file final-v5.pdb (PDB, C-alpha atoms (C1' of nucleotides))
ATOM      1  CA  MET Y   1     167.543 136.678  25.443
ATOM      2  CA  LYS Y   2     169.623 135.530  22.543
ATOM      3  CA  GLY Y   3     173.412 135.456  22.750
ATOM      4  CA  ARG Y   4     173.096 134.926  26.468
ATOM      5  CA  LYS Y   5     173.712 131.238  26.688
ATOM      6  CA  GLY Y   6     175.980 130.161  29.453
ATOM      7  CA  LEU Y   7     179.237 128.473  28.608
ATOM      8  CA  LEU Y   8     177.866 125.165  29.874
ATOM      9  CA  GLU Y   9     174.932 125.177  27.509
ATOM     10  CA  ILE Y  10     177.243 125.947  24.622
ATOM     11  CA  LEU Y  11     179.517 123.081  25.576
ATOM     12  CA  ARG Y  12     176.588 120.692  25.810
ATOM     13  CA  ASP Y  13     175.217 121.856  22.468
ATOM     14  CA  LYS Y  14     178.580 121.107  20.953
ATOM     15  CA  GLY Y  15     178.337 117.564  22.207
ATOM     16  CA  TYR Y  16     180.656 117.725  25.177
ATOM     17  CA  ARG Y  17     179.729 115.968  28.373
ATOM     18  CA  LEU Y  18     178.729 118.070  31.306
ATOM     19  CA  THR Y  19     180.766 116.607  34.116
ATOM     20  CA  PRO Y  20     180.805 118.100  37.618
ATOM     21  CA  GLN Y  21     184.431 119.088  37.085
ATOM     22  CA  ARG Y  22     183.657 121.001  33.921
ATOM     23  CA  MET Y  23     180.714 122.706  35.551
ATOM     24  CA  ILE Y  24     182.884 123.825  38.409
ATOM     25  CA  VAL Y  25     185.648 125.174  36.197
ATOM     26  CA  VAL Y  26     183.168 127.047  34.048
ATOM     27  CA  GLU Y  27     181.415 128.416  37.086
ATOM     28  CA  ALA Y  28     184.676 129.694  38.508
ATOM     29  CA  ILE Y  29     185.552 131.468  35.295
ATOM     30  CA  GLU Y  30     182.114 132.983  34.930
ATOM     31  CA  ALA Y  31     182.060 134.057  38.565
ATOM     32  CA  SER Y  32     185.365 135.847  38.295
ATOM     33  CA  ASP Y  33     184.801 139.404  37.168
ATOM     34  CA  ASP Y  34     188.426 139.554  36.344
ATOM     35  CA  HIS Y  35     190.942 137.170  34.927
ATOM     36  CA  ILE Y  36     191.534 134.001  36.868
ATOM     37  CA  SER Y  37     194.442 131.593  36.976
ATOM     38  CA  ALA Y  38     194.344 127.819  36.766
ATOM     39  CA  GLU Y  39     195.391 127.673  40.388
ATOM     40  CA  GLU Y  40     192.620 129.995  41.501
ATOM     41  CA  ILE Y  41     190.139 127.913  39.591
ATOM     42  CA  ARG Y  42     191.285 124.815  41.437
ATOM     43  CA  ASP Y  43     190.997 126.606  44.776
ATOM     44  CA  MET Y  44     187.514 127.847  44.005
ATOM     45  CA  ALA Y  45     186.587 124.390  42.838
ATOM     46  CA  ARG Y  46     187.745 122.769  46.051
ATOM     47  CA  ALA Y  47     185.261 124.792  48.026
ATOM     48  CA  LYS Y  48     182.403 123.044  46.238
ATOM     49  CA  TYR Y  49     183.922 119.754  45.349
ATOM     50  CA  PRO Y  50     186.241 117.717  47.543
ATOM     51  CA  TYR Y  51     188.953 117.588  44.965
ATOM     52  CA  ILE Y  52     189.602 118.407  41.380
ATOM     53  CA  ASN Y  53     192.754 117.409  39.612
ATOM     54  CA  MET Y  54     194.896 120.047  37.962
ATOM     55  CA  SER Y  55     195.071 118.097  34.740
ATOM     56  CA  THR Y  56     191.314 118.266  34.571
ATOM     57  CA  VAL Y  57     191.401 121.987  35.137
ATOM     58  CA  TYR Y  58     193.983 122.418  32.395
ATOM     59  CA  ARG Y  59     192.178 120.108  30.037
ATOM     60  CA  THR Y  60     188.943 121.976  30.540
ATOM     61  CA  LEU Y  61     190.658 125.288  30.016
ATOM     62  CA  GLU Y  62     192.270 123.980  26.863
ATOM     63  CA  LEU Y  63     188.864 122.917  25.617
ATOM     64  CA  LEU Y  64     187.276 126.260  26.401
ATOM     65  CA  VAL Y  65     190.087 128.158  24.713
ATOM     66  CA  GLU Y  66     189.953 125.930  21.639
ATOM     67  CA  GLU Y  67     186.238 126.540  21.366
ATOM     68  CA  GLY Y  68     186.855 130.244  21.619
ATOM     69  CA  LEU Y  69     184.766 130.578  24.752
ATOM     70  CA  VAL Y  70     187.582 131.663  26.981
ATOM     71  CA  THR Y  71     190.571 133.888  26.414
ATOM     72  CA  GLU Y  72     194.023 132.903  27.565
ATOM     73  CA  THR Y  73     196.357 135.716  28.474
ATOM     74  CA  ASP Y  74     199.997 135.571  29.358
ATOM     75  CA  LEU Y  75     200.544 138.087  32.107
ATOM     76  CA  GLY Y  76     204.173 137.139  32.543
ATOM     77  CA  GLY Y  77     205.956 134.745  34.803
ATOM     78  CA  GLY Y  78     204.875 131.924  32.554
ATOM     79  CA  ARG Y  79     201.454 132.052  34.082
ATOM     80  CA  SER Y  80     198.301 132.227  32.053
ATOM     81  CA  LEU Y  81     195.081 133.853  33.081
ATOM     82  CA  TYR Y  82     191.656 133.028  31.753
ATOM     83  CA  HIS Y  83     188.659 135.145  31.006
ATOM     84  CA  PRO Y  84     185.312 134.565  29.285
ATOM     85  CA  THR Y  85     185.556 135.832  25.728
ATOM     86  CA  MET Y  86     182.090 137.330  25.762
ATOM     87  CA  LYS Y  87     182.760 139.661  28.627
ATOM     88  CA  ALA Y  88     183.529 143.287  27.970
ATOM     89  CA  GLN Y  89     186.883 143.935  26.414
ATOM     90  CA  HIS Y  90     189.524 145.230  28.680
ATOM     91  CA  HIS Y  91     193.244 145.144  29.300
ATOM     92  CA  HIS Y  92     195.581 145.050  32.231
ATOM     93  CA  LEU Y  93     198.259 147.323  33.524
ATOM     94  CA  VAL Y  94     200.620 145.184  35.561
ATOM     95  CA  CYS Y  95     202.944 146.969  37.966
ATOM     96  CA  ARG Y  96     206.402 145.457  38.098
ATOM     97  CA  LYS Y  97     206.985 146.763  41.590
ATOM     98  CA  CYS Y  98     203.845 146.093  43.592
ATOM     99  CA  ALA Y  99     202.434 143.505  41.147
ATOM    100  CA  LYS Y 100     199.041 145.161  41.272
ATOM    101  CA  VAL Y 101     196.883 144.723  38.200
ATOM    102  CA  LYS Y 102     194.627 147.513  37.047
ATOM    103  CA  ASP Y 103     191.981 146.962  34.431
ATOM    104  CA  ILE Y 104     191.581 149.513  31.711
ATOM    105  CA  ASP Y 105     189.174 149.970  28.898
ATOM    106  CA  ALA Y 106     189.909 148.489  25.507
ATOM    107  CA  SER Y 107     189.247 151.707  23.647
ATOM    108  CA  VAL Y 108     192.814 152.919  24.140
ATOM    109  CA  PHE Y 109     193.929 150.079  21.898
ATOM    110  CA  GLN Y 110     191.536 150.556  19.036
ATOM    111  CA  ARG Y 111     193.758 152.969  17.199
ATOM    112  CA  LEU Y 112     196.831 150.828  17.686
ATOM    113  CA  LYS Y 113     194.986 147.805  16.386
ATOM    114  CA  GLY Y 114     193.906 149.724  13.327
ATOM    115  CA  GLU Y 115     197.407 150.943  12.623
ATOM    116  CA  LEU Y 116     198.920 147.496  12.907
ATOM    117  CA  LYS Y 117     196.343 146.237  10.461
ATOM    118  CA  SER Y 118     196.768 148.957   7.876
ATOM    119  CA  GLN Y 119     200.528 149.331   8.121
ATOM    120  CA  TYR Y 120     201.580 145.726   8.551
ATOM    121  CA  GLY Y 121     198.545 143.668   7.582
ATOM    122  CA  PHE Y 122     198.780 142.193  11.061
ATOM    123  CA  ASP Y 123     195.599 141.165  12.809
ATOM    124  CA  ALA Y 124     196.551 141.732  16.421
ATOM    125  CA  ASP Y 125     194.921 139.786  19.221
ATOM    126  CA  LEU Y 126     194.346 142.699  21.494
ATOM    127  CA  GLU Y 127     191.310 141.418  23.294
ATOM    128  CA  HIS Y 128     193.047 140.951  26.541
ATOM    129  CA  VAL Y 129     196.506 142.293  26.895
ATOM    130  CA  GLY Y 130     198.877 142.699  29.797
ATOM    131  CA  ILE Y 131     201.060 145.782  29.801
ATOM    132  CA  PHE Y 132     203.935 145.967  32.229
ATOM    133  CA  GLY Y 133     205.298 149.058  33.834
ATOM    134  CA  THR Y 134     205.227 151.138  36.964
ATOM    135  CA  CYS Y 135     201.944 152.230  38.468
ATOM    136  CA  GLU Y 136     201.075 155.595  39.916
ATOM    137  CA  ASP Y 137     201.679 154.507  43.498
ATOM    138  CA  CYS Y 138     205.083 153.022  42.864
ATOM    139  CA  HIS Y 139     206.413 155.806  40.712
ATOM    140  CA  ASP Y 140     209.741 157.121  42.010
TER     141      ASP Y 140
ATOM    142  CA  MET G   1     232.293 158.874  21.111
ATOM    143  CA  LYS G   2     230.382 159.277  24.314
ATOM    144  CA  GLY G   3     227.461 157.014  25.128
ATOM    145  CA  ARG G   4     229.128 154.321  23.069
ATOM    146  CA  LYS G   5     230.647 152.249  25.793
ATOM    147  CA  GLY G   6     230.232 148.542  25.423
ATOM    148  CA  LEU G   7     228.281 146.639  28.005
ATOM    149  CA  LEU G   8     231.475 145.080  29.296
ATOM    150  CA  GLU G   9     233.095 148.412  30.030
ATOM    151  CA  ILE G  10     229.995 149.529  31.862
ATOM    152  CA  LEU G  11     229.995 146.386  33.947
ATOM    153  CA  ARG G  12     233.654 146.805  34.815
ATOM    154  CA  ASP G  13     233.125 150.447  35.711
ATOM    155  CA  LYS G  14     230.404 149.375  38.073
ATOM    156  CA  GLY G  15     232.851 147.108  39.825
ATOM    157  CA  TYR G  16     231.799 143.761  38.422
ATOM    158  CA  ARG G  17     234.408 141.226  37.480
ATOM    159  CA  LEU G  18     234.961 140.544  33.825
ATOM    160  CA  THR G  19     234.966 136.794  33.634
ATOM    161  CA  PRO G  20     235.169 134.898  30.340
ATOM    162  CA  GLN G  21     231.618 133.701  30.855
ATOM    163  CA  ARG G  22     230.286 137.209  31.261
ATOM    164  CA  MET G  23     232.207 138.396  28.249
ATOM    165  CA  ILE G  24     230.734 135.635  26.160
ATOM    166  CA  VAL G  25     227.171 136.271  27.261
ATOM    167  CA  VAL G  26     227.506 139.980  26.625
ATOM    168  CA  GLU G  27     229.087 139.349  23.260
ATOM    169  CA  ALA G  28     226.249 137.080  22.239
ATOM    170  CA  ILE G  29     223.653 139.668  23.197
ATOM    171  CA  GLU G  30     225.486 142.470  21.442
ATOM    172  CA  ALA G  31     226.019 140.356  18.337
ATOM    173  CA  SER G  32     222.374 139.500  18.046
ATOM    174  CA  ASP G  33     220.597 142.148  16.006
ATOM    175  CA  ASP G  34     217.384 140.818  17.326
ATOM    176  CA  HIS G  35     216.207 139.408  20.601
ATOM    177  CA  ILE G  36     218.008 136.326  21.837
ATOM    178  CA  SER G  37     216.993 133.615  24.264
ATOM    179  CA  ALA G  38     218.996 132.188  27.142
ATOM    180  CA  GLU G  39     219.327 128.960  25.230
ATOM    181  CA  GLU G  40     220.637 130.685  22.116
ATOM    182  CA  ILE G  41     223.141 132.533  24.236
ATOM    183  CA  ARG G  42     224.421 129.258  25.629
ATOM    184  CA  ASP G  43     224.704 127.797  22.143
ATOM    185  CA  MET G  44     226.592 130.801  20.837
ATOM    186  CA  ALA G  45     228.803 130.687  23.884
ATOM    187  CA  ARG G  46     229.707 127.055  23.341
ATOM    188  CA  ALA G  47     231.198 127.874  19.976
ATOM    189  CA  LYS G  48     233.841 129.975  21.674
ATOM    190  CA  TYR G  49     234.137 128.361  25.033
ATOM    191  CA  PRO G  50     234.028 124.659  25.743
ATOM    192  CA  TYR G  51     231.149 124.953  28.124
ATOM    193  CA  ILE G  52     229.133 127.490  29.950
ATOM    194  CA  ASN G  53     226.617 126.591  32.581
ATOM    195  CA  MET G  54     223.025 127.710  32.213
ATOM    196  CA  SER G  55     222.958 129.082  35.731
ATOM    197  CA  THR G  56     225.805 131.354  34.780
ATOM    198  CA  VAL G  57     223.938 132.498  31.707
ATOM    199  CA  TYR G  58     220.861 133.216  33.782
ATOM    200  CA  ARG G  59     222.806 134.918  36.523
ATOM    201  CA  THR G  60     224.551 137.150  34.013
ATOM    202  CA  LEU G  61     221.276 137.986  32.334
ATOM    203  CA  GLU G  62     219.758 138.801  35.695
ATOM    204  CA  LEU G  63     222.656 141.124  36.399
ATOM    205  CA  LEU G  64     222.385 142.862  33.053
ATOM    206  CA  VAL G  65     218.648 143.336  33.424
ATOM    207  CA  GLU G  66     219.029 144.655  36.971
ATOM    208  CA  GLU G  67     221.579 147.153  35.769
ATOM    209  CA  GLY G  68     219.208 148.242  33.040
ATOM    210  CA  LEU G  69     221.622 147.283  30.282
ATOM    211  CA  VAL G  70     219.471 144.592  28.808
ATOM    212  CA  THR G  71     215.736 144.307  28.278
ATOM    213  CA  GLU G  72     213.862 141.159  29.131
ATOM    214  CA  THR G  73     210.780 140.446  27.059
ATOM    215  CA  ASP G  74     208.219 137.759  27.513
ATOM    216  CA  LEU G  75     207.244 136.582  24.055
ATOM    217  CA  GLY G  76     204.995 133.851  25.387
ATOM    218  CA  GLY G  77     205.520 130.241  26.234
ATOM    219  CA  GLY G  78     207.142 131.285  29.456
ATOM    220  CA  ARG G  79     210.301 132.046  27.561
ATOM    221  CA  SER G  80     212.138 135.302  27.893
ATOM    222  CA  LEU G  81     214.148 137.032  25.219
ATOM    223  CA  TYR G  82     216.914 139.516  25.807
ATOM    224  CA  HIS G  83     217.955 142.620  23.974
ATOM    225  CA  PRO G  84     220.424 145.446  24.631
ATOM    226  CA  THR G  85     218.521 148.403  26.024
ATOM    227  CA  MET G  86     220.517 150.931  24.042
ATOM    228  CA  LYS G  87     219.599 149.527  20.678
ATOM    229  CA  ALA G  88     216.896 151.145  18.628
ATOM    230  CA  GLN G  89     213.430 150.750  20.015
ATOM    231  CA  HIS G  90     211.248 148.261  18.306
ATOM    232  CA  HIS G  91     208.494 145.768  18.939
ATOM    233  CA  HIS G  92     207.483 142.390  17.688
ATOM    234  CA  LEU G  93     204.447 141.069  15.941
ATOM    235  CA  VAL G  94     204.269 137.378  16.730
ATOM    236  CA  CYS G  95     202.079 135.243  14.486
ATOM    237  CA  ARG G  96     200.184 132.565  16.365
ATOM    238  CA  LYS G  97     199.925 130.398  13.286
ATOM    239  CA  CYS G  98     203.329 130.400  11.620
ATOM    240  CA  ALA G  99     205.200 131.692  14.681
ATOM    241  CA  LYS G 100     207.055 134.205  12.556
ATOM    242  CA  VAL G 101     208.201 137.341  14.336
ATOM    243  CA  LYS G 102     208.177 140.662  12.545
ATOM    244  CA  ASP G 103     209.893 143.682  13.970
ATOM    245  CA  ILE G 104     208.105 146.964  13.842
ATOM    246  CA  ASP G 105     209.014 150.479  14.724
ATOM    247  CA  ALA G 106     208.316 151.796  18.201
ATOM    248  CA  SER G 107     206.623 154.938  16.973
ATOM    249  CA  VAL G 108     203.250 153.201  16.734
ATOM    250  CA  PHE G 109     203.292 152.897  20.490
ATOM    251  CA  GLN G 110     204.195 156.434  21.417
ATOM    252  CA  ARG G 111     200.633 157.624  21.509
ATOM    253  CA  LEU G 112     199.475 154.638  23.500
ATOM    254  CA  LYS G 113     202.248 155.189  26.006
ATOM    255  CA  GLY G 114     201.246 158.820  26.370
ATOM    256  CA  GLU G 115     197.616 157.967  26.892
ATOM    257  CA  LEU G 116     198.362 155.371  29.547
ATOM    258  CA  LYS G 117     200.462 157.926  31.366
ATOM    259  CA  SER G 118     197.967 160.757  31.258
ATOM    260  CA  GLN G 119     194.824 158.715  31.824
ATOM    261  CA  TYR G 120     196.060 156.211  34.371
ATOM    262  CA  GLY G 121     199.358 157.581  35.647
ATOM    263  CA  PHE G 122     200.893 154.338  34.470
ATOM    264  CA  ASP G 123     204.436 154.385  33.181
ATOM    265  CA  ALA G 124     204.325 151.568  30.659
ATOM    266  CA  ASP G 125     207.417 149.600  29.755
ATOM    267  CA  LEU G 126     206.876 149.609  26.050
ATOM    268  CA  GLU G 127     210.485 149.391  24.963
ATOM    269  CA  HIS G 128     210.195 145.934  23.646
ATOM    270  CA  VAL G 129     206.805 144.404  23.389
ATOM    271  CA  GLY G 130     205.473 141.243  21.844
ATOM    272  CA  ILE G 131     202.071 141.455  20.219
ATOM    273  CA  PHE G 132     200.320 138.266  19.240
ATOM    274  CA  GLY G 133     197.971 137.805  16.372
ATOM    275  CA  THR G 134     197.737 136.615  12.804
ATOM    276  CA  CYS G 135     200.151 137.844  10.182
ATOM    277  CA  GLU G 136     199.375 138.844   6.623
ATOM    278  CA  ASP G 137     200.454 135.500   5.175
ATOM    279  CA  CYS G 138     198.388 133.403   7.540
ATOM    280  CA  HIS G 139     195.246 135.464   7.353
ATOM    281  CA  ASP G 140     192.218 133.351   6.445
TER     282      ASP G 140
ATOM    283  C1'  DT P   1     177.160  99.894  26.789
ATOM    284  C1'  DT P   2     180.501 102.624  24.839
ATOM    285  C1'  DT P   3     183.055 106.377  24.297
ATOM    286  C1'  DC P   4     184.435 110.459  26.590
ATOM    287  C1'  DT P   5     186.607 112.133  30.950
ATOM    288  C1'  DT P   6     188.990 111.829  34.964
ATOM    289  C1'  DG P   7     192.764 110.948  38.245
ATOM    290  C1'  DC P   8     197.208 109.672  39.044
ATOM    291  C1'  DA P   9     201.881 109.820  38.508
ATOM    292  C1'  DA P  10     205.520 110.883  35.918
ATOM    293  C1'  DA P  11     207.675 113.766  32.620
ATOM    294  C1'  DG P  12     208.571 118.097  30.673
ATOM    295  C1'  DA P  13     210.513 122.937  29.886
ATOM    296  C1'  DG P  14     212.545 126.847  31.601
ATOM    297  C1'  DT P  15     214.454 128.880  35.505
ATOM    298  C1'  DT P  16     216.339 129.341  40.264
ATOM    299  C1'  DT P  17     219.077 128.107  44.355
ATOM    300  C1'  DG P  18     222.475 126.078  47.896
ATOM    301  C1'  DC P  19     226.931 124.995  48.431
ATOM    302  C1'  DA P  20     231.624 123.829  47.616
ATOM    303  C1'  DT P  21     235.217 125.149  44.450
ATOM    304  C1'  DT P  22     237.491 128.296  41.480
ATOM    305  C1'  DC P  23     239.466 132.526  40.073
ATOM    306  C1'  DC P  24     239.503 137.598  39.142
ATOM    307  C1'  DA P  25     241.255 141.890  40.993
TER     308       DA P  25
ATOM    309  C1'  DT K   1     244.523 136.623  49.485
ATOM    310  C1'  DG K   2     239.558 137.249  49.865
ATOM    311  C1'  DG K   3     235.341 138.029  48.229
ATOM    312  C1'  DA K   4     232.864 137.445  43.979
ATOM    313  C1'  DA K   5     231.595 134.209  40.382
ATOM    314  C1'  DT K   6     231.146 129.586  38.616
ATOM    315  C1'  DG K   7     229.616 124.744  38.159
ATOM    316  C1'  DC K   8     226.908 121.164  39.623
ATOM    317  C1'  DA K   9     222.935 119.051  41.070
ATOM    318  C1'  DA K  10     218.781 119.365  42.952
ATOM    319  C1'  DA K  11     214.594 121.891  43.495
ATOM    320  C1'  DC K  12     210.882 124.626  41.747
ATOM    321  C1'  DT K  13     206.767 126.231  39.044
ATOM    322  C1'  DC K  14     203.535 125.644  35.746
ATOM    323  C1'  DT K  15     201.852 122.638  32.387
ATOM    324  C1'  DT K  16     201.380 118.383  29.586
ATOM    325  C1'  DT K  17     200.858 113.400  28.736
ATOM    326  C1'  DG K  18     200.093 108.140  28.953
ATOM    327  C1'  DC K  19     197.274 104.971  30.725
ATOM    328  C1'  DA K  20     194.016 102.552  33.510
ATOM    329  C1'  DA K  21     189.700 103.333  35.933
ATOM    330  C1'  DG K  22     185.348 105.709  36.101
ATOM    331  C1'  DA K  23     181.120 107.859  34.546
ATOM    332  C1'  DA K  24     177.977 110.629  31.270
ATOM    333  C1'  DA K  25     174.670 109.877  27.630
TER     334       DA K  25
END

call {"tool": "encode", "arguments": {"input": "final-v5.pdb", "output": "structure tokens"}}
result
Amino acid sequence: MKGRKGLLEILRDKGYRLTPQRMIVVEAIEASDDHISAEEIRDMARAKYPYINMSTVYRTLELLVEEGLVTETDLGGGRSLYHPTMKAQHHHLVCRKCAKVKDIDASVFQRLKGELKSQYGFDADLEHVGIFGTCEDCHD
Amino acid sequence: MKGRKGLLEILRDKGYRLTPQRMIVVEAIEASDDHISAEEIRDMARAKYPYINMSTVYRTLELLVEEGLVTETDLGGGRSLYHPTMKAQHHHLVCRKCAKVKDIDASVFQRLKGELKSQYGFDADLEHVGIFGTCEDCHD
DNA sequence: TTTCTTGCAAAGAGTTTGCATTCCA
DNA sequence: TGGAATGCAAACTCTTTGCAAGAAA
């Protein structure tokens, strides 16, 4: 059962207070199989809690990212998406035409990551990447 | 000499008017060896022209991107950088710590692009990609 | 109690848009 | 001249921040 602590327990162990707002944000992120936006978190939160302020959502996300518990990914449009770090690695193919997002396995990137490291000494954050392009359905 | 038309000529041939503002924006993009931001374009423009409005800069960039003459790249922070499409392909390694940007050759991505196409039918826009991580100098 | 968190409102940054005016072709 | 392009100002989106009020431990 080790390594299976929920994000909330980890936060508490680190000395952070477990407020209802934080519990709700964490729950929303853990419940989402996929990436989730700050806005979606607020909407999910509202279902369980009359109201949660966006600054609280952002502050909680900031905390989770700082603690390395959640990954922040820029999928374009100046919008960030969040994802629990411990979940299986994957990436996203974002279609510029229909805006659909398809998840793909991380293995495709392993070689690239290795090459960037050996050739440039660059330690690439490729845990959760968005790749833009045209998907199968929208191909001309 | 073919395939060596400047962006301005191409625009004119397509029926767009060659205003001073457009000439200045195009000149700034062509002069920049690297990627350039909307703000940098405005600053470069001001050196030659008393004033150019940001909406004009953005509208010109939008036009150039629509026409496929310029590439728009999201290097994070909700900021876009622009680059002439015809210039040599390259990518960027962006260090999260020192914020330095290192240009790398596009060849590293060829295999990845091929795999995304064959495995997922996804036509990835990998002309000009920003990869985040930690550079050699900042490595712990 | 006491310090950490929240909510509110306002401020940001970067970008987009409506509309009247200007100007290229 | 006439439609395309510009400038201006206001709006817009997403996110951050200061500060007083509230609540977890």

call {"tool": "resolve_selection", "arguments": {"input": "final-v5.pdb", "expression": "the PyMOL selection byres ((chain Y) within 10 of (chain K))", "output": "ChimeraX atom specification"}}
result
/Y:16-19,38-39,54-55,58-59,77-80

call {"tool": "closest_atom_pairs", "arguments": {"input": "final-v5.pdb", "of": "chain P", "to": "chain Y", "cutoff": "12 Å", "atoms": "only C-alpha atoms (C1' of nucleotides)", "output": "tab-separated table"}}
result
residue	atom	partner	partner_atom	distance
P:DT3	C1'	Y:Arg17	CA	10.9
P:DC4	C1'	Y:Arg17	CA	7.5
P:DT5	C1'	Y:Thr19	CA	8.0
P:DT6	C1'	Y:Thr56	CA	6.9
P:DG7	C1'	Y:Asn53	CA	6.6
P:DC8	C1'	Y:Asn53	CA	8.9
P:DA9	C1'	Y:Ser55	CA	11.4
P:DA13	C1'	Y:Gly78	CA	10.9
P:DG14	C1'	Y:Gly78	CA	9.2
P:DT15	C1'	Y:Gly77	CA	10.3

call {"tool": "write_last_selection", "arguments": {"input": "final-v5.pdb", "atoms": "C-alpha atoms (C1' of nucleotides)", "output": "PDB file, keeping the file's coordinate frame"}}
result
ATOM      1  C1'  DT P   3     183.055 106.377  24.297  1.00  0.00           C
ATOM      2  C1'  DC P   4     184.435 110.459  26.590  1.00  0.00           C
ATOM      3  C1'  DT P   5     186.607 112.133  30.950  1.00  0.00           C
ATOM      4  C1'  DT P   6     188.990 111.829  34.964  1.00  0.00           C
ATOM      5  C1'  DG P   7     192.764 110.948  38.245  1.00  0.00           C
ATOM      6  C1'  DC P   8     197.208 109.672  39.044  1.00  0.00           C
ATOM      7  C1'  DA P   9     201.881 109.820  38.508  1.00  0.00           C
ATOM      8  C1'  DA P  13     210.513 122.937  29.886  1.00  0.00           C
ATOM      9  C1'  DG P  14     212.545 126.847  31.601  1.00  0.00           C
ATOM     10  C1'  DT P  15     214.454 128.880  35.505  1.00  0.00           C
TER      11       DT P  15
END

call {"tool": "interface_residues", "arguments": {"input": "final-v5.pdb", "of": "chain Y", "to": "chain G", "cutoff": "12 Å", "atoms": "all atoms listed in the file", "output": "ChimeraX atom specification"}}
result
/Y:72-80,91-97,100-140

call {"tool": "residues_around", "arguments": {"input": "final-v5.pdb", "residues": "region 23-29 of chain Y", "least_positions_apart": "2", "cutoff": "9 Å", "atoms": "all atoms listed in the file", "output": "list in words"}}
result
Leu7, Leu8, Leu18, Thr19, Pro20, Gln21, Ala31, Ser32, Asp33, Asp34, His35, Ile36, Glu40, Ile41, Arg42, Met44, Ala45, Lys48, Tyr49, Val57, Thr60, Leu61, Leu64, Val70, Tyr82, His83 and Pro84 of chain Y

call {"tool": "closest_residue", "arguments": {"input": "final-v5.pdb", "among": "G:Tyr51, G:Asp13, G:Glu30, G:Ala99", "to": "Thr85 (chain G)", "atoms": "all atoms listed in the file"}}
result
G:Glu30

call {"tool": "residues_near_point", "arguments": {"input": "final-v5.pdb", "point": "(181.2, 128.2, 18.6)", "cutoff": "12 Å", "atoms": "all atoms listed in the file", "output": "list in words"}}
result
Gly3, Lys5, Leu7, Glu9, Ile10, Leu11, Arg12, Asp13, Lys14, Gly15, Leu63, Leu64, Val65, Glu66, Glu67, Gly68, Leu69, Val70, Thr85 and Met86 of chain Y

call {"tool": "atom_distance", "arguments": {"input": "final-v5.pdb", "atom1": "CA of Glu62 (chain Y)", "atom2": "CA of Pro50 (chain Y)"}}
result
22.4 Å

call {"tool": "axis_aligned_box", "arguments": {"input": "final-v5.pdb", "around": "region 7-13 of chain K", "padding_each_side": "6 Å", "output": "JSON"}}
result
{"center_x": 218.2, "center_y": 122.6, "center_z": 40.8, "size_x": 34.8, "size_y": 19.2, "size_z": 17.3}

call {"tool": "atom_distance", "arguments": {"input": "final-v5.pdb", "atom1": "CA of Arg46 (chain Y)", "atom2": "C1' of DG12 (chain P)"}}
result
26.3 Å

call {"tool": "atom_distance", "arguments": {"input": "final-v5.pdb", "atom1": "C1' of DA25 (chain P)", "atom2": "CA of Gly6 (chain G)"}}
result
20.2 Å
